[in-house]
Amino acid sequence: MKIIVAIKQVPERDAQVHIDSTSKWIEEGDMQWALNESDAYALEEALQLKEKHGGEVVVVSAGPERVGSTIREALAKGADRAIHIDCDDLNQRDALGVARLLSEAIGTESPDLTLTGLQSDDLGYGQTGVILAELLGLPHASLILHVEKTDAGLTVKRELEEGWFQTIEMPLPAVLTIQSGGNKLRYATLMGIKKAKSKEIRRVTSQELGSVAPPVVVLERISAPQKQKSTQILGGSPKEAATALVEKLKFEARVL
Amino acid sequence: MSGVCVVMEERNGRIARMSWEALAAGHTLGAQLGLPVNAILPGTQTESMAAEIATKAVAKVVRLEHALLAAYTSDAFALAMEQFIRAEQPAYVVFPHTYQVRDYAPALAARFGQVLIGDVTGIGVGPVFVRQLMQGRLNGEYSHSGNGTCFISVQSGAFRADQADSAAATVEIFTPNIEQAQIRTKPGQPFRGSAQTVDLGLAQFIVSVGRGIKEAENLGIVQELATALGAELAASRPICDNGWLPIERQVGSSGQTVSPKLYLAVGISGAIQHLVGMKGSQCVVAINKDPDAPIFEIADYGIIGDLFEVVPALTEAVKSAKQ
């Protein structure tokens with residue numbers, strides 16, 4: 001089975017984010033970057049399917065030069081090769097624009113299965129995989145926790161709201177968006193990191209993949225959210241703060 | 001191009017709260033732009049639900065009826081909605097941001113060369129659509145360009161579902177052309193993951209733990225605090241994903257929705273998927289080392305600090321207060 005996994009590099013989870021001078025993006029200066037969490041689960045699912053059924057895992061990622069480190073991490077975990085779509089304006093593209101880039105890059109590969117994470121931890125559109133399926137003319141399912149290959153195609157476990165799930169049968173080729181938590185993530189081994197150095201990373205520029213359509217949906221401005229409640233911050237040593245909190249809960253909020 | 005079209009979602013023979021909130025968002029948009037608000041309800045046997053929607057200040061209700069819409073599939077729903085939108089040409093299509101909508105609305109919008117503005121929390125003059133970025137740390141303001149239909153979905157709890165009753169509007173039926181062969185996926189019946197033995201929805205006190213706890217071995221200090229308070233222990237998604245606590249203790253969009261008297265969030269940053277499950281709590285306390293964590297936006301009280309120091313201190317303070 002040939003599996004493509006679309007992955008995204010995003011700011012590291014605990015990184016401080018500051019709005020830049022354009023008010024349209026964040027300062028990238030000394031930002032730490034990481035593989036998007038649900039994409040890590042998509043990669044894990046692909047690697048496990050390959051281990052069971054054989055085949056090839058190809059990762060594809062769009063973004064500037066720095067994305068290379070995340071691609072190498074995926075290769076070190078066990079992906080066979082990579083496609084890097086060199087693109088400096090990813091944040092200005094809407095979800096359709098990004099899905100178009102990916103579909104152009106993936107199209108010539110004709111994979112049996114394409115996986116993406118459910119949603120990126122930065123812009124959080126949660127649409128790329130679903131639009132990608134539409135552009136590739138393939139069936140899809142989203143919020144998938146478990147994938148099983150069958151004679152007819154796939155049986156997948158989809159998460160619904162509030163603790164409910166559903167099983168879906170579908171043919172291949174197909175596109176799935178993977179929810180976090182379905183598998184245990186692996187770490188890259190030393191051997192994996194060593195092997196990754198000789199694995200192929202094919203670079204294509206976004207220009208080579210077609211002209212840029214102006215975005216239909218435009219991110220005009222980024223701002224800090226307004227507080228919905230005025231939070232009383234209790235300071236002092238941990239002991240002082242804890243004592244003050246209990247007082248507040250007892251005599252002010254009256255919930256204890 | 002005319003009107004605002006709100007897509008209502010049927011769930012077990014009822015219209016769920018999030019669809020009424022989407023209708024409220026549709027009314028906000030309609031009032032701002034001077035546009036009529038219509039409701040569309042895909043499904044089968046939706047007559048009584050359509051009649052209920054018709055009394056909620058809409059210009060008309062359209063029942064998008066087809067036997068192949070009985071069980072949700074992205075293919076059937078996208079096809080049916082595509083045909084309706086081509087016929088009706090609404091200026092805006094407003095959805096509730098449900099798991100179902102997330103599954104088909106992006107593909108539907110793409111068929112029109114459009115992009116869904118998803119998970120909207122506010123609608124400003126313009127219109128400008130506000131949605132969260134960076135896991136709730138920042139807001140983004142989005143505009144729609146061009147003359148095509150604008151697709152948006154609205155976040156759970158962002159708009160108040162409080163339409164006053166009105167005289168009943170007309171109800172129409174739109175029958176899309178869908179063939180069984182066009183549906184490529186075969187959905188099974190929804191099922192529950194595991195026997196639910198904990199109903200957090202009834203709990204008066206909840207101590208909830210997130211990623212900040214770092215290791216499963218560290219859960220003990222949070223359990224001790226929960227015991228001292230007489231509280232149920234709950235968690236955000238990553239804790240249950242790691243198998244550190246059973247999924248039935250998960251609070252959030254994919255877990256349980258809770259509204260206790262006291263919700264104490266320990267090491268939880270407050271991603272929106274978590275907040276939608278607990279923002280109905282009477283009193284929210286957050287303990288987090290990051291002063292910019294979004295959890296502080298909805299907390300009544302906060303302690304900024306190392307939970308490994310604060311939580312044991314709090315357990316002691318609770319114990320001595322109860323003596």
# chains A, B, ... in the order shown; residues from 1 in each chain; ligands from 1
>>> interface_residues(of="chain B", to="chain A", cutoff="7 Å", atoms="only C-alpha atoms", output="JSON, numbers by chain")
{"B": [99, 103, 106, 107, 110, 114, 115, 118, 133, 134, 135, 138, 139, 140, 141, 142, 143, 144, 145, 146, 184, 185, 186, 187, 188, 189, 190, 191, 192, 193, 241, 242, 253, 254, 255, 256, 261, 262, 296, 297, 298, 299, 300, 301, 302, 303, 309, 310, 313, 314, 317, 318]}
>>> write_last_selection(atoms="C-alpha atoms", output="short mmCIF file (atom, residue, chain, number, x, y, z; two decimals), in the first residue's frame")
data_model
loop_
_atom_site.label_atom_id
_atom_site.label_comp_id
_atom_site.auth_asym_id
_atom_site.auth_seq_id
_atom_site.Cartn_x
_atom_site.Cartn_y
_atom_site.Cartn_z
CA TYR B 99 -18.41 16.91 13.64
CA ASP B 103 -16.81 16.31 7.60
CA PRO B 106 -15.25 22.11 3.46
CA ALA B 107 -15.76 19.87 0.40
CA ALA B 110 -14.76 23.87 -2.49
CA GLN B 114 -15.28 28.84 -1.80
CA VAL B 115 -13.72 28.25 1.61
CA GLY B 118 -15.03 27.55 10.30
CA LEU B 133 -5.98 30.78 16.22
CA MET B 134 -3.07 29.12 18.04
CA GLN B 135 -5.31 26.94 20.21
CA LEU B 138 -5.13 34.60 19.50
CA ASN B 139 -8.15 35.70 17.53
CA GLY B 140 -8.17 36.07 13.76
CA GLU B 141 -10.52 38.36 11.86
CA TYR B 142 -11.53 37.04 8.46
CA SER B 143 -13.29 38.66 5.55
CA HIS B 144 -14.87 37.03 2.52
CA SER B 145 -13.87 38.38 -0.87
CA GLY B 146 -15.71 38.18 -4.16
CA ARG B 184 -18.96 5.81 -1.74
CA THR B 185 -18.83 5.21 2.00
CA LYS B 186 -20.98 2.89 4.10
CA PRO B 187 -21.62 4.23 7.60
CA GLY B 188 -22.33 1.97 10.55
CA GLN B 189 -24.60 2.67 13.52
CA PRO B 190 -23.08 5.00 16.12
CA PHE B 191 -21.94 3.22 19.28
CA ARG B 192 -20.55 4.19 22.66
CA GLY B 193 -16.87 3.59 23.25
CA ASP B 241 -5.14 9.82 24.67
CA ASN B 242 -2.10 8.69 26.64
CA SER B 253 -16.11 18.30 22.61
CA SER B 254 -15.16 14.65 22.21
CA GLY B 255 -15.83 13.80 25.87
CA GLN B 256 -18.37 14.88 28.44
CA LYS B 261 -20.34 24.45 40.93
CA LEU B 262 -16.55 24.38 40.92
CA PHE B 296 -7.42 32.29 32.16
CA GLU B 297 -9.82 33.97 29.74
CA ILE B 298 -12.72 32.13 31.30
CA ALA B 299 -11.38 31.57 34.82
CA ASP B 300 -12.83 33.36 37.85
CA TYR B 301 -9.71 32.73 39.92
CA GLY B 302 -6.23 31.91 38.80
CA ILE B 303 -2.93 30.90 40.31
CA GLU B 309 4.02 23.27 44.26
CA VAL B 310 0.56 24.83 44.11
CA ALA B 313 -0.41 23.48 49.01
CA LEU B 314 -4.02 23.76 47.89
CA ALA B 317 -5.42 24.49 52.55
CA VAL B 318 -8.65 22.66 51.63
#
>>> residues_around(residues="B:Ser156", least_positions_apart="5", cutoff="10 Å", atoms="only C-alpha atoms", output="short mmCIF file (atom, residue, chain, number, x, y, z; two decimals) with C-alpha atoms, in the first residue's frame")
data_model
loop_
_atom_site.label_atom_id
_atom_site.label_comp_id
_atom_site.auth_asym_id
_atom_site.auth_seq_id
_atom_site.Cartn_x
_atom_site.Cartn_y
_atom_site.Cartn_z
CA ARG B 17 -28.81 23.28 20.67
CA MET B 18 -25.90 24.05 18.35
CA SER B 19 -28.28 24.39 15.39
CA GLU B 21 -27.18 28.82 18.01
CA ALA B 22 -26.34 28.74 14.29
CA PRO B 96 -23.31 24.74 13.37
CA HIS B 97 -19.65 23.64 13.75
CA THR B 98 -20.47 20.00 14.46
CA ASP B 119 -15.57 27.66 14.05
CA VAL B 120 -16.65 31.31 14.10
CA THR B 121 -17.02 32.87 17.56
CA SER B 253 -16.11 18.30 22.61
CA ILE B 272 -11.35 25.38 22.60
CA GLN B 273 -12.13 21.66 22.34
CA LEU B 275 -13.50 24.86 26.89
CA VAL B 276 -16.72 23.94 25.09
CA GLY B 277 -17.09 21.05 27.53
#
>>> residues_around(residues="A:Cys87", least_positions_apart="4", cutoff="9 Å", atoms="only C-alpha atoms", output="list in words")
Ala62, Gly63, Pro64, Glu65, Val204, Thr205, Ser206 and Gln207 of chain A
>>> residues_around(residues="stretch 46-48 of chain A", least_positions_apart="6", cutoff="9 Å", atoms="only C-alpha atoms", output="PDB file with C-alpha atoms, in the first residue's frame")
ATOM      1  CA  ILE A   3       0.491   5.955   1.648  1.00  0.00           C
ATOM      2  CA  ILE A   4       0.978   9.705   1.513  1.00  0.00           C
ATOM      3  CA  VAL A   5       0.942  11.633   4.770  1.00  0.00           C
ATOM      4  CA  GLU A  56       5.702   2.861   1.051  1.00  0.00           C
ATOM      5  CA  VAL A  57       5.109   5.933   3.213  1.00  0.00           C
ATOM      6  CA  LYS A  77      10.516   7.874  12.419  1.00  0.00           C
ATOM      7  CA  GLY A  78      10.276   5.643   9.369  1.00  0.00           C
ATOM      8  CA  ALA A  79       8.792   7.439   6.356  1.00  0.00           C
ATOM      9  CA  LEU A 113      -4.272   6.123   0.810  1.00  0.00           C
ATOM     10  CA  THR A 114      -3.694   9.742   1.794  1.00  0.00           C
ATOM     11  CA  LEU A 115      -3.669  10.747   5.450  1.00  0.00           C
TER      12      LEU A 115
END
>>> select_by_dssp(residues="stretch 78-231 of chain A", states="strand (DSSP E or B)", output="VMD selection string")
chain A and resid 81 to 86 113 to 117 140 to 149 154 to 159 164 to 170 174 to 178 201 to 205 217 to 223
>>> select_by_dssp(residues="stretch 28-185 of chain B", states="alpha helix (DSSP H)", output="short mmCIF file (atom, residue, chain, number, x, y, z; two decimals) with all heavy atoms, in the first residue's frame")
data_model
loop_
_atom_site.label_atom_id
_atom_site.label_comp_id
_atom_site.auth_asym_id
_atom_site.auth_seq_id
_atom_site.Cartn_x
_atom_site.Cartn_y
_atom_site.Cartn_z
N THR B 28 -28.15 37.32 13.41
CA THR B 28 -27.20 38.43 13.59
C THR B 28 -26.76 38.96 12.22
O THR B 28 -26.74 40.16 11.97
CB THR B 28 -25.95 37.93 14.37
OG1 THR B 28 -26.39 37.40 15.61
CG2 THR B 28 -24.95 39.05 14.59
N LEU B 29 -26.41 38.02 11.36
CA LEU B 29 -25.94 38.37 10.02
C LEU B 29 -27.07 39.01 9.20
O LEU B 29 -26.87 40.03 8.53
CB LEU B 29 -25.47 37.07 9.35
CG LEU B 29 -24.42 37.10 8.27
CD1 LEU B 29 -23.22 37.95 8.65
CD2 LEU B 29 -23.99 35.66 7.97
N GLY B 30 -28.26 38.43 9.28
CA GLY B 30 -29.41 38.94 8.54
C GLY B 30 -29.75 40.36 8.95
O GLY B 30 -30.02 41.23 8.12
N ALA B 31 -29.71 40.62 10.28
CA ALA B 31 -30.03 41.94 10.79
C ALA B 31 -29.00 42.96 10.33
O ALA B 31 -29.33 44.08 9.94
CB ALA B 31 -30.10 41.91 12.32
N GLN B 32 -27.72 42.55 10.37
CA GLN B 32 -26.65 43.47 9.98
C GLN B 32 -26.73 43.84 8.51
O GLN B 32 -26.48 44.98 8.12
CB GLN B 32 -25.28 42.82 10.28
CG GLN B 32 -24.12 43.75 10.01
CD GLN B 32 -22.77 43.06 10.05
OE1 GLN B 32 -22.02 43.11 9.09
NE2 GLN B 32 -22.45 42.42 11.17
N LEU B 33 -27.09 42.88 7.66
CA LEU B 33 -27.04 43.09 6.22
C LEU B 33 -28.42 43.33 5.60
O LEU B 33 -28.55 43.54 4.40
CB LEU B 33 -26.39 41.88 5.55
CG LEU B 33 -24.97 41.57 6.04
CD1 LEU B 33 -24.51 40.21 5.54
CD2 LEU B 33 -24.00 42.66 5.59
N GLU B 47 -40.77 16.59 9.28
CA GLU B 47 -41.92 17.49 9.28
C GLU B 47 -42.11 18.25 10.60
O GLU B 47 -42.24 19.47 10.60
CB GLU B 47 -43.18 16.68 8.96
CG GLU B 47 -44.33 17.55 8.51
CD GLU B 47 -45.51 16.72 8.04
OE1 GLU B 47 -45.38 15.47 7.93
OE2 GLU B 47 -46.57 17.33 7.79
N SER B 48 -42.08 17.52 11.72
CA SER B 48 -42.36 18.20 13.00
C SER B 48 -41.22 19.14 13.39
O SER B 48 -41.45 20.22 13.93
CB SER B 48 -42.61 17.17 14.10
OG SER B 48 -41.45 16.40 14.31
N MET B 49 -39.98 18.75 13.06
CA MET B 49 -38.85 19.63 13.36
C MET B 49 -38.92 20.90 12.51
O MET B 49 -38.66 22.00 12.98
CB MET B 49 -37.53 18.89 13.10
CG MET B 49 -37.22 17.85 14.15
SD MET B 49 -35.78 16.87 13.71
CE MET B 49 -36.52 15.68 12.62
N ALA B 50 -39.31 20.73 11.25
CA ALA B 50 -39.43 21.88 10.34
C ALA B 50 -40.51 22.84 10.86
O ALA B 50 -40.34 24.06 10.82
CB ALA B 50 -39.75 21.41 8.93
N ALA B 51 -41.59 22.26 11.39
CA ALA B 51 -42.67 23.10 11.92
C ALA B 51 -42.18 23.90 13.12
O ALA B 51 -42.56 25.07 13.30
CB ALA B 51 -43.86 22.22 12.31
N GLU B 52 -41.33 23.30 13.93
CA GLU B 52 -40.79 24.01 15.10
C GLU B 52 -39.88 25.16 14.64
O GLU B 52 -39.97 26.28 15.14
CB GLU B 52 -40.00 23.03 15.98
CG GLU B 52 -39.53 23.67 17.27
CD GLU B 52 -38.62 22.76 18.09
OE1 GLU B 52 -38.36 21.61 17.67
OE2 GLU B 52 -38.16 23.22 19.16
N ILE B 53 -39.02 24.88 13.65
CA ILE B 53 -38.11 25.92 13.14
C ILE B 53 -38.91 27.07 12.54
O ILE B 53 -38.53 28.24 12.65
CB ILE B 53 -37.14 25.33 12.09
CG1 ILE B 53 -36.29 24.20 12.69
CG2 ILE B 53 -36.22 26.41 11.53
CD1 ILE B 53 -35.56 23.35 11.65
N SER B 74 -20.99 11.90 3.84
CA SER B 74 -20.51 13.17 3.28
C SER B 74 -20.94 13.29 1.83
O SER B 74 -21.31 14.37 1.37
CB SER B 74 -19.00 13.27 3.42
OG SER B 74 -18.37 12.18 2.80
N ASP B 75 -20.93 12.18 1.08
CA ASP B 75 -21.29 12.24 -0.34
C ASP B 75 -22.73 12.71 -0.53
O ASP B 75 -22.99 13.61 -1.32
CB ASP B 75 -21.10 10.87 -1.00
CG ASP B 75 -19.63 10.56 -1.26
OD1 ASP B 75 -18.85 11.52 -1.42
OD2 ASP B 75 -19.27 9.37 -1.29
N ALA B 76 -23.67 12.09 0.19
CA ALA B 76 -25.08 12.44 0.02
C ALA B 76 -25.35 13.86 0.50
O ALA B 76 -26.07 14.63 -0.17
CB ALA B 76 -25.96 11.45 0.76
N PHE B 77 -24.78 14.24 1.63
CA PHE B 77 -25.06 15.57 2.17
C PHE B 77 -24.45 16.66 1.28
O PHE B 77 -25.08 17.70 1.04
CB PHE B 77 -24.55 15.68 3.62
CG PHE B 77 -25.61 15.29 4.62
CD1 PHE B 77 -26.16 14.02 4.61
CD2 PHE B 77 -26.07 16.21 5.57
CE1 PHE B 77 -27.15 13.66 5.51
CE2 PHE B 77 -27.06 15.86 6.49
CZ PHE B 77 -27.60 14.58 6.46
N ALA B 78 -23.22 16.44 0.82
CA ALA B 78 -22.59 17.45 -0.03
C ALA B 78 -23.36 17.60 -1.34
O ALA B 78 -23.60 18.72 -1.82
CB ALA B 78 -21.13 17.09 -0.29
N LEU B 79 -23.78 16.46 -1.90
CA LEU B 79 -24.52 16.48 -3.16
C LEU B 79 -25.86 17.21 -3.01
O LEU B 79 -26.23 18.07 -3.83
CB LEU B 79 -24.75 15.03 -3.59
CG LEU B 79 -24.89 14.69 -5.05
CD1 LEU B 79 -23.70 15.22 -5.84
CD2 LEU B 79 -24.97 13.16 -5.21
N ALA B 80 -26.59 16.86 -1.95
CA ALA B 80 -27.90 17.47 -1.73
C ALA B 80 -27.77 18.97 -1.49
O ALA B 80 -28.50 19.78 -2.07
CB ALA B 80 -28.58 16.80 -0.53
N MET B 81 -26.83 19.34 -0.65
CA MET B 81 -26.64 20.77 -0.35
C MET B 81 -26.15 21.53 -1.57
O MET B 81 -26.54 22.67 -1.80
CB MET B 81 -25.65 20.94 0.82
CG MET B 81 -26.24 20.68 2.19
SD MET B 81 -27.55 21.84 2.63
CE MET B 81 -26.65 23.40 2.58
N GLU B 82 -25.29 20.90 -2.36
CA GLU B 82 -24.80 21.54 -3.58
C GLU B 82 -25.97 21.90 -4.51
O GLU B 82 -26.05 23.03 -5.02
CB GLU B 82 -23.81 20.62 -4.30
CG GLU B 82 -23.24 21.23 -5.56
CD GLU B 82 -22.44 20.23 -6.41
OE1 GLU B 82 -22.20 19.11 -5.94
OE2 GLU B 82 -22.09 20.60 -7.53
N GLN B 83 -26.87 20.95 -4.69
CA GLN B 83 -28.00 21.19 -5.59
C GLN B 83 -28.91 22.29 -5.04
O GLN B 83 -29.38 23.16 -5.78
CB GLN B 83 -28.80 19.89 -5.79
CG GLN B 83 -28.03 18.88 -6.62
CD GLN B 83 -28.71 17.51 -6.64
OE1 GLN B 83 -29.90 17.38 -6.36
NE2 GLN B 83 -27.94 16.49 -6.98
N PHE B 84 -29.11 22.28 -3.74
CA PHE B 84 -29.96 23.30 -3.14
C PHE B 84 -29.32 24.68 -3.29
O PHE B 84 -29.99 25.66 -3.66
CB PHE B 84 -30.20 22.99 -1.65
CG PHE B 84 -30.87 24.12 -0.93
CD1 PHE B 84 -32.22 24.35 -1.08
CD2 PHE B 84 -30.12 24.98 -0.13
CE1 PHE B 84 -32.83 25.42 -0.44
CE2 PHE B 84 -30.73 26.04 0.52
CZ PHE B 84 -32.09 26.27 0.36
N ILE B 85 -28.03 24.77 -3.02
CA ILE B 85 -27.35 26.07 -3.08
C ILE B 85 -27.33 26.61 -4.52
O ILE B 85 -27.53 27.80 -4.76
CB ILE B 85 -25.93 25.97 -2.48
CG1 ILE B 85 -26.03 25.74 -0.97
CG2 ILE B 85 -25.12 27.25 -2.76
CD1 ILE B 85 -24.73 25.31 -0.31
N ARG B 86 -27.12 25.72 -5.49
CA ARG B 86 -27.15 26.16 -6.89
C ARG B 86 -28.52 26.72 -7.26
O ARG B 86 -28.64 27.68 -8.01
CB ARG B 86 -26.77 25.02 -7.83
CG ARG B 86 -25.32 24.63 -7.72
CD ARG B 86 -24.74 23.98 -8.97
NE ARG B 86 -23.46 23.36 -8.66
CZ ARG B 86 -22.31 24.02 -8.53
NH1 ARG B 86 -22.28 25.34 -8.73
NH2 ARG B 86 -21.19 23.40 -8.22
N ALA B 87 -29.57 26.10 -6.73
CA ALA B 87 -30.93 26.57 -7.04
C ALA B 87 -31.26 27.85 -6.30
O ALA B 87 -31.82 28.79 -6.86
CB ALA B 87 -31.93 25.47 -6.69
N GLU B 88 -30.88 27.94 -5.04
CA GLU B 88 -31.30 29.03 -4.16
C GLU B 88 -30.34 30.23 -4.22
O GLU B 88 -30.75 31.36 -4.03
CB GLU B 88 -31.36 28.50 -2.72
CG GLU B 88 -31.80 29.49 -1.67
CD GLU B 88 -33.31 29.61 -1.58
OE1 GLU B 88 -34.00 28.77 -2.18
OE2 GLU B 88 -33.78 30.56 -0.92
N TYR B 99 -19.29 17.89 14.29
CA TYR B 99 -18.41 16.91 13.64
C TYR B 99 -18.91 16.56 12.24
O TYR B 99 -18.13 16.26 11.36
CB TYR B 99 -18.30 15.65 14.51
CG TYR B 99 -17.31 15.78 15.65
CD1 TYR B 99 -17.03 17.00 16.22
CD2 TYR B 99 -16.65 14.66 16.14
CE1 TYR B 99 -16.12 17.12 17.26
CE2 TYR B 99 -15.73 14.76 17.19
CZ TYR B 99 -15.48 16.00 17.75
OH TYR B 99 -14.57 16.12 18.78
N GLN B 100 -20.23 16.56 12.08
CA GLN B 100 -20.82 16.27 10.77
C GLN B 100 -20.49 17.38 9.78
O GLN B 100 -20.05 17.11 8.66
CB GLN B 100 -22.33 16.12 10.95
CG GLN B 100 -23.07 15.75 9.70
CD GLN B 100 -24.50 15.35 10.03
OE1 GLN B 100 -24.76 14.46 10.83
NE2 GLN B 100 -25.45 16.05 9.45
N VAL B 101 -20.67 18.60 10.19
CA VAL B 101 -20.39 19.74 9.31
C VAL B 101 -18.90 19.78 8.94
O VAL B 101 -18.54 20.04 7.80
CB VAL B 101 -20.84 21.06 9.98
CG1 VAL B 101 -20.24 22.28 9.30
CG2 VAL B 101 -22.37 21.14 9.96
N ARG B 102 -18.05 19.52 9.93
CA ARG B 102 -16.61 19.51 9.66
C ARG B 102 -16.26 18.46 8.62
O ARG B 102 -15.25 18.58 7.93
CB ARG B 102 -15.84 19.20 10.96
CG ARG B 102 -15.93 20.32 11.95
CD ARG B 102 -15.60 19.85 13.35
NE ARG B 102 -14.19 19.55 13.50
CZ ARG B 102 -13.63 19.21 14.66
NH1 ARG B 102 -14.36 19.12 15.75
NH2 ARG B 102 -12.36 18.96 14.74
N ASP B 103 -17.09 17.42 8.51
CA ASP B 103 -16.81 16.31 7.60
C ASP B 103 -17.18 16.62 6.15
O ASP B 103 -16.59 16.06 5.25
CB ASP B 103 -17.55 15.06 8.08
CG ASP B 103 -17.10 13.80 7.35
OD1 ASP B 103 -15.90 13.48 7.42
OD2 ASP B 103 -17.95 13.14 6.73
N TYR B 104 -18.21 17.46 5.92
CA TYR B 104 -18.61 17.67 4.52
C TYR B 104 -18.60 19.12 4.05
O TYR B 104 -18.44 19.40 2.86
CB TYR B 104 -19.97 17.02 4.22
CG TYR B 104 -21.19 17.84 4.64
CD1 TYR B 104 -21.84 18.69 3.75
CD2 TYR B 104 -21.69 17.75 5.93
CE1 TYR B 104 -22.96 19.42 4.13
CE2 TYR B 104 -22.80 18.47 6.32
CZ TYR B 104 -23.43 19.31 5.41
OH TYR B 104 -24.52 20.03 5.79
N ALA B 105 -18.78 20.09 4.98
CA ALA B 105 -18.90 21.48 4.54
C ALA B 105 -17.65 22.01 3.80
O ALA B 105 -17.79 22.77 2.85
CB ALA B 105 -19.26 22.38 5.73
N PRO B 106 -16.42 21.62 4.22
CA PRO B 106 -15.25 22.11 3.46
C PRO B 106 -15.27 21.65 2.00
O PRO B 106 -14.93 22.41 1.09
CB PRO B 106 -14.06 21.50 4.22
CG PRO B 106 -14.56 21.30 5.62
CD PRO B 106 -16.01 20.88 5.44
N ALA B 107 -15.69 20.39 1.77
CA ALA B 107 -15.76 19.87 0.40
C ALA B 107 -16.87 20.56 -0.38
O ALA B 107 -16.72 20.90 -1.55
CB ALA B 107 -15.99 18.36 0.43
N LEU B 108 -17.99 20.78 0.30
CA LEU B 108 -19.12 21.48 -0.33
C LEU B 108 -18.70 22.87 -0.79
O LEU B 108 -18.95 23.26 -1.94
CB LEU B 108 -20.28 21.56 0.68
CG LEU B 108 -21.48 22.40 0.27
CD1 LEU B 108 -22.21 21.76 -0.90
CD2 LEU B 108 -22.43 22.57 1.46
N ALA B 109 -18.06 23.62 0.10
CA ALA B 109 -17.63 24.98 -0.24
C ALA B 109 -16.66 24.95 -1.42
O ALA B 109 -16.74 25.79 -2.34
CB ALA B 109 -16.99 25.65 0.98
N ALA B 110 -15.76 23.96 -1.42
CA ALA B 110 -14.76 23.87 -2.49
C ALA B 110 -15.43 23.69 -3.86
O ALA B 110 -14.90 24.14 -4.88
CB ALA B 110 -13.79 22.72 -2.22
N ARG B 111 -16.60 23.04 -3.89
CA ARG B 111 -17.30 22.86 -5.17
C ARG B 111 -17.73 24.19 -5.77
O ARG B 111 -18.03 24.29 -6.97
CB ARG B 111 -18.54 21.98 -4.99
CG ARG B 111 -18.15 20.56 -4.73
CD ARG B 111 -19.34 19.65 -4.60
NE ARG B 111 -18.84 18.37 -4.10
CZ ARG B 111 -19.58 17.31 -3.87
NH1 ARG B 111 -20.88 17.38 -4.09
NH2 ARG B 111 -19.05 16.21 -3.42
#
>>> atom_distance(atom1="atom CA of A:Trp33", atom2="atom CA of A:Gly192")
20.3 Å
>>> atom_distance(atom1="atom CA of B:Gln89", atom2="atom CA of B:Phe112")
10.8 Å
>>> residues_around(residues="B:Lys279", least_positions_apart="5", cutoff="9 Å", atoms="only C-alpha atoms", output="JSON, numbers by chain")
{"B": [157, 257, 258, 259, 274, 284, 298]}
>>> closest_residue(among="B:Leu23, B:Ala59, B:Val130, B:Ile183", to="B:Arg160", atoms="only C-alpha atoms")
B:Leu23
>>> closest_residue(among="B:Val4, B:Gly136, B:Gly124, B:Asp162", to="B:Lys56", atoms="only C-alpha atoms")
B:Asp162
>>> residues_around(residues="A:Ala34", least_positions_apart="5", cutoff="10 Å", atoms="only C-alpha atoms", output="mmCIF file with N, CA and C atoms, in the first residue's frame")
data_model
loop_
_atom_site.group_PDB
_atom_site.id
_atom_site.type_symbol
_atom_site.label_atom_id
_atom_site.label_comp_id
_atom_site.auth_asym_id
_atom_site.auth_seq_id
_atom_site.Cartn_x
_atom_site.Cartn_y
_atom_site.Cartn_z
ATOM 1 N N LYS A 8 2.347 19.105 8.747
ATOM 2 C CA LYS A 8 2.570 20.539 8.846
ATOM 3 C C LYS A 8 3.478 20.842 10.031
ATOM 4 N N GLN A 9 4.357 21.806 9.814
ATOM 5 C CA GLN A 9 5.185 22.301 10.907
ATOM 6 C C GLN A 9 4.456 23.483 11.556
ATOM 7 N N VAL A 10 4.326 23.434 12.865
ATOM 8 C CA VAL A 10 3.595 24.481 13.588
ATOM 9 C C VAL A 10 4.445 24.946 14.782
ATOM 10 N N PRO A 11 4.129 26.101 15.369
ATOM 11 C CA PRO A 11 4.865 26.524 16.563
ATOM 12 C C PRO A 11 4.738 25.472 17.655
ATOM 13 N N GLU A 12 5.808 25.269 18.388
ATOM 14 C CA GLU A 12 5.793 24.293 19.469
ATOM 15 C C GLU A 12 4.711 24.663 20.476
ATOM 16 N N ARG A 13 4.136 23.630 21.075
ATOM 17 C CA ARG A 13 2.943 23.824 21.901
ATOM 18 C C ARG A 13 3.062 24.931 22.947
ATOM 19 N N ALA A 40 1.226 13.910 13.557
ATOM 20 C CA ALA A 40 2.101 12.872 14.109
ATOM 21 C C ALA A 40 1.328 11.559 14.225
ATOM 22 N N VAL A 67 10.863 24.037 7.335
ATOM 23 C CA VAL A 67 10.022 22.840 7.368
ATOM 24 C C VAL A 67 10.871 21.580 7.214
ATOM 25 N N SER A 69 13.301 20.501 8.855
ATOM 26 C CA SER A 69 13.607 19.786 10.100
ATOM 27 C C SER A 69 12.463 18.855 10.492
ATOM 28 N N THR A 70 11.237 19.284 10.247
ATOM 29 C CA THR A 70 10.078 18.447 10.557
ATOM 30 C C THR A 70 9.990 17.271 9.582
ATOM 31 N N GLU A 73 12.429 14.724 10.683
ATOM 32 C CA GLU A 73 11.907 14.002 11.853
ATOM 33 C C GLU A 73 10.979 12.862 11.398
#
>>> atom_distance(atom1="atom CA of A:Lys50", atom2="atom CA of A:Ala105")
21.3 Å
>>> closest_residue(among="A:Val59, A:Ile71, A:Leu176, A:Met191", to="A:Gln119", atoms="only C-alpha atoms")
A:Leu176
